[in-house]
Amino acid sequence: MDNGYNNYSSTYSGGGGSGGGFMPGEMNSPSGGKSDYTNATLRPITIKQALDAIQPYPEAPYQIDSAEVASVTFIGQVRNISSQSTNITYKLDDGTGEIEAKQWIDSMTADSMDTDDPNTNSTSNNKNKNQIELNGYARVFGKLKSFGNKRFVGAHCVRPVRDINELHCHLLEASAVHLFFTRGPSTASSGGAGAEGAGGMKGGDSAMGGVSAGDDYGAGKGLPAMSPVAKRVYHLLKTEPQSNEGLHAQLIAAKLSLPMPDVARAGDELLTAGVIFSTVDEHTWAILEF
Amino acid sequence: MSLQTPRILPSHLHAFHSSSTSTNTSGPRSSHTVRILGTVTALRGDTATITCGNHGDVTLILKPDSHLQMGKLVEIVGKVADLEGGGVGIRVLGSMDWGNPADCDYRIYEQVVNATHRLKPIFYDE
């Protein structure tokens, strides 16, 4: 009786807090819009990537290299500027493709008002400085959108690019992030690219099969592209204290709480890649150091 | 499909020449349009020469409204074309003045060219 009452009260108090209790469900269900706000990453991309980005289902967040993208940034040459009453549409070309970026006027005026206030004298100067020129280069920050079958970028900010090194750097950055998502974290040697990728990692986490974290295997040698399970097995073999006979597949399965067939498959993958080898029997593996 | 303009160095000119790509494509193809970066080192009326770091020179066939200035770093978008005197050059479609060549690290451009041609999936269609 007492017990029952306690139970009741505890569930009750649980329910009491559940103005919040409903929250988690609510947050998850319209996954399209909401996750946008929790995934606050900015990914450097090329226009071709923007055009090739896929949407798993209508209204879903866009995916590039099977990682969700929230905000993107790219640099392109302005091929056309069309000013409407509510927005300015820029057509941009970076050599890999063409896409339109739409910037709503509203935010523009807010921007210029901000800059007006502190130095009223140099307003005209400021305007010239931030003026987007036809055939000049511009950097766009925004989100991928589509209207009908046409893909465009809803731009938060469009600003001119005056330094060609920024353009080149952007293209290399986009390459580095693409490689991060397709081939995994880089080796420690290229710290810059690794750090860059790690920033984008948070967004890709779920898409990458929920592997614990990038740094788990990021510290190790660069593995060839392989499944998340294989990476975990490799990581365990690398870090777990063991004799020179290595570890048995069943032990690995227990340690990682994975079903045996998955571990066996991961083992096959690693064996094929030549990063582990079998020792006393075909299910006991050790890291192949070289 | 939108127009793509691969970034190249002078040594890649032949690979984008119509004779080398006509085998797998027919008719005028966008793949002949390229981008190249160099410093203007000679102006001769309707042709000009740009120097691409230490990768040599490229002859440009200008159009009437291309305004190149000596000593400036320019990015050229153009079609690979045969020159009258033999050899391969670029017929200029558009140019972008990037100002002082000293402000650009040409080695970064070399890396960009390298990366863009290795990572076709994010830069250029085959």
# chains A, B, ... in the order shown; residues from 1 in each chain; ligands from 1

call {"tool": "residues_around", "arguments": {"residues": "B:Met96", "least_positions_apart": "5", "cutoff": "12 Å", "atoms": "only C-alpha atoms", "output": "ChimeraX atom specification"}}
result
/A:77-78,133-137,162,164 /B:35-40,66-69,72-78

call {"tool": "interface_residues", "arguments": {"of": "chain A", "to": "chain B", "cutoff": "8 Å", "atoms": "only C-alpha atoms", "output": "ChimeraX atom specification"}}
result
/A:46,48-49,95-98,135-136,162-165,168-169,171-172,175,178

call {"tool": "write_last_selection", "arguments": {"atoms": "N, CA and C atoms", "output": "PDB file, in the first residue's frame"}}
result
ATOM      1  N   THR A  46      31.199  23.383 -52.237  1.00  0.00           N
ATOM      2  CA  THR A  46      31.232  23.938 -53.591  1.00  0.00           C
ATOM      3  C   THR A  46      29.791  23.984 -54.091  1.00  0.00           C
ATOM      4  N   LYS A  48      28.666  22.722 -56.755  1.00  0.00           N
ATOM      5  CA  LYS A  48      28.278  21.391 -57.236  1.00  0.00           C
ATOM      6  C   LYS A  48      27.726  20.553 -56.087  1.00  0.00           C
ATOM      7  N   GLN A  49      28.355  20.661 -54.927  1.00  0.00           N
ATOM      8  CA  GLN A  49      27.860  19.913 -53.774  1.00  0.00           C
ATOM      9  C   GLN A  49      26.456  20.363 -53.388  1.00  0.00           C
ATOM     10  N   GLY A  95      32.658  27.775 -60.897  1.00  0.00           N
ATOM     11  CA  GLY A  95      33.422  26.892 -61.774  1.00  0.00           C
ATOM     12  C   GLY A  95      32.948  25.454 -61.679  1.00  0.00           C
ATOM     13  N   THR A  96      32.194  25.113 -60.621  1.00  0.00           N
ATOM     14  CA  THR A  96      31.690  23.750 -60.486  1.00  0.00           C
ATOM     15  C   THR A  96      30.199  23.694 -60.764  1.00  0.00           C
ATOM     16  N   GLY A  97      29.558  24.831 -60.862  1.00  0.00           N
ATOM     17  CA  GLY A  97      28.120  24.870 -61.120  1.00  0.00           C
ATOM     18  C   GLY A  97      27.579  26.258 -60.865  1.00  0.00           C
ATOM     19  N   GLU A  98      26.279  26.373 -61.030  1.00  0.00           N
ATOM     20  CA  GLU A  98      25.626  27.662 -60.826  1.00  0.00           C
ATOM     21  C   GLU A  98      24.444  27.496 -59.895  1.00  0.00           C
ATOM     22  N   ASN A 135      30.035  40.100 -61.704  1.00  0.00           N
ATOM     23  CA  ASN A 135      31.268  39.416 -62.109  1.00  0.00           C
ATOM     24  C   ASN A 135      32.371  39.464 -61.067  1.00  0.00           C
ATOM     25  N   GLY A 136      32.094  40.082 -59.917  1.00  0.00           N
ATOM     26  CA  GLY A 136      33.041  40.001 -58.817  1.00  0.00           C
ATOM     27  C   GLY A 136      32.766  38.734 -58.021  1.00  0.00           C
ATOM     28  N   ARG A 162      37.591  39.916 -51.725  1.00  0.00           N
ATOM     29  CA  ARG A 162      38.598  40.744 -52.394  1.00  0.00           C
ATOM     30  C   ARG A 162      39.957  40.048 -52.484  1.00  0.00           C
ATOM     31  N   ASP A 163      40.140  39.004 -51.685  1.00  0.00           N
ATOM     32  CA  ASP A 163      41.439  38.345 -51.629  1.00  0.00           C
ATOM     33  C   ASP A 163      41.320  36.977 -52.286  1.00  0.00           C
ATOM     34  N   ILE A 164      42.109  36.756 -53.325  1.00  0.00           N
ATOM     35  CA  ILE A 164      41.988  35.496 -54.067  1.00  0.00           C
ATOM     36  C   ILE A 164      42.400  34.313 -53.202  1.00  0.00           C
ATOM     37  N   ASN A 165      43.247  34.558 -52.214  1.00  0.00           N
ATOM     38  CA  ASN A 165      43.654  33.464 -51.332  1.00  0.00           C
ATOM     39  C   ASN A 165      42.464  32.919 -50.550  1.00  0.00           C
ATOM     40  N   HIS A 168      40.750  30.426 -52.817  1.00  0.00           N
ATOM     41  CA  HIS A 168      41.487  29.169 -52.909  1.00  0.00           C
ATOM     42  C   HIS A 168      41.403  28.391 -51.611  1.00  0.00           C
ATOM     43  N   CYS A 169      41.529  29.128 -50.519  1.00  0.00           N
ATOM     44  CA  CYS A 169      41.465  28.495 -49.204  1.00  0.00           C
ATOM     45  C   CYS A 169      40.095  27.833 -49.019  1.00  0.00           C
ATOM     46  N   LEU A 171      38.120  26.596 -51.302  1.00  0.00           N
ATOM     47  CA  LEU A 171      38.006  25.379 -52.109  1.00  0.00           C
ATOM     48  C   LEU A 171      38.741  24.213 -51.435  1.00  0.00           C
ATOM     49  N   LEU A 172      39.889  24.536 -50.832  1.00  0.00           N
ATOM     50  CA  LEU A 172      40.649  23.485 -50.156  1.00  0.00           C
ATOM     51  C   LEU A 172      39.936  23.045 -48.883  1.00  0.00           C
ATOM     52  N   SER A 175      37.270  20.758 -49.766  1.00  0.00           N
ATOM     53  CA  SER A 175      37.842  19.446 -50.070  1.00  0.00           C
ATOM     54  C   SER A 175      38.134  18.689 -48.780  1.00  0.00           C
ATOM     55  N   HIS A 178      34.982  17.476 -47.180  1.00  0.00           N
ATOM     56  CA  HIS A 178      34.425  16.370 -47.974  1.00  0.00           C
ATOM     57  C   HIS A 178      35.185  15.077 -47.668  1.00  0.00           C
TER      58      HIS A 178
END

call {"tool": "residues_around", "arguments": {"residues": "B:Ser11", "least_positions_apart": "3", "cutoff": "10 Å", "atoms": "only C-alpha atoms", "output": "short mmCIF file (atom, residue, chain, number, x, y, z; two decimals) with C-alpha atoms, in the first residue's frame"}}
result
data_model
loop_
_atom_site.label_atom_id
_atom_site.label_comp_id
_atom_site.auth_asym_id
_atom_site.auth_seq_id
_atom_site.Cartn_x
_atom_site.Cartn_y
_atom_site.Cartn_z
CA ILE B 8 43.89 24.35 -64.70
CA HIS B 14 46.17 19.84 -74.05
CA ALA B 15 43.91 17.67 -71.94
CA HIS B 55 54.44 26.81 -64.88
CA GLY B 56 55.15 28.80 -68.00
CA ASP B 57 53.17 31.13 -70.22
CA VAL B 58 49.80 30.91 -71.91
#

call {"tool": "closest_residue", "arguments": {"among": "A:Ser146, A:Thr284, A:Thr182, A:Gln250", "to": "A:Ile64", "atoms": "only C-alpha atoms"}}
result
A:Thr182

call {"tool": "select_by_dssp", "arguments": {"residues": "chain B", "states": "alpha helix (DSSP H)", "output": "list in words"}}
result
Ser18, Ser19, Ser20, Thr21, Tyr106, Arg107, Ile108, Tyr109, Glu110, Gln111, Val112, Val113, Asn114, Ala115, Thr116, His117 and Arg118 of chain B

call {"tool": "write_last_selection", "arguments": {"atoms": "C-alpha atoms", "output": "mmCIF file, in the first residue's frame"}}
result
data_model
loop_
_atom_site.group_PDB
_atom_site.id
_atom_site.type_symbol
_atom_site.label_atom_id
_atom_site.label_comp_id
_atom_site.auth_asym_id
_atom_site.auth_seq_id
_atom_site.Cartn_x
_atom_site.Cartn_y
_atom_site.Cartn_z
ATOM 1 C CA SER B 18 38.952 19.606 -78.448
ATOM 2 C CA SER B 19 41.128 17.016 -80.154
ATOM 3 C CA SER B 20 41.679 15.087 -76.937
ATOM 4 C CA THR B 21 38.100 15.179 -75.704
ATOM 5 C CA TYR B 106 50.419 30.846 -56.405
ATOM 6 C CA ARG B 107 51.323 27.653 -54.575
ATOM 7 C CA ILE B 108 47.846 27.627 -53.035
ATOM 8 C CA TYR B 109 46.396 27.785 -56.534
ATOM 9 C CA GLU B 110 48.554 24.828 -57.535
ATOM 10 C CA GLN B 111 47.108 22.879 -54.624
ATOM 11 C CA VAL B 112 43.603 23.933 -55.598
ATOM 12 C CA VAL B 113 44.114 22.683 -59.150
ATOM 13 C CA ASN B 114 45.489 19.448 -57.791
ATOM 14 C CA ALA B 115 42.624 18.961 -55.337
ATOM 15 C CA THR B 116 39.894 19.900 -57.798
ATOM 16 C CA HIS B 117 41.061 17.322 -60.299
ATOM 17 C CA ARG B 118 41.434 14.582 -57.721
#

call {"tool": "select_by_dssp", "arguments": {"residues": "chain B", "states": "strand (DSSP E or B)", "output": "ChimeraX atom specification"}}
result
/B:7-8,33-44,47-51,57-61,73-82,88-99

call {"tool": "residues_around", "arguments": {"residues": "A:Arg139", "least_positions_apart": "6", "cutoff": "8 Å", "atoms": "only C-alpha atoms", "output": "list in words"}}
result
Thr73, Phe74, Ile75, Gly76, Val158, Arg159, Pro160 and Val161 of chain A

call {"tool": "atom_distance", "arguments": {"atom1": "atom CA of B:His12", "atom2": "atom CA of B:Ile90"}}
result
11.9 Å

call {"tool": "residues_around", "arguments": {"residues": "A:Ala253", "least_positions_apart": "2", "cutoff": "12 Å", "atoms": "only C-alpha atoms", "output": "JSON, numbers by chain"}}
result
{"A": [229, 230, 232, 233, 236, 237, 247, 248, 249, 250, 251, 255, 256, 257, 258, 259, 260, 261, 262, 263, 264, 265, 266, 267, 283, 284]}
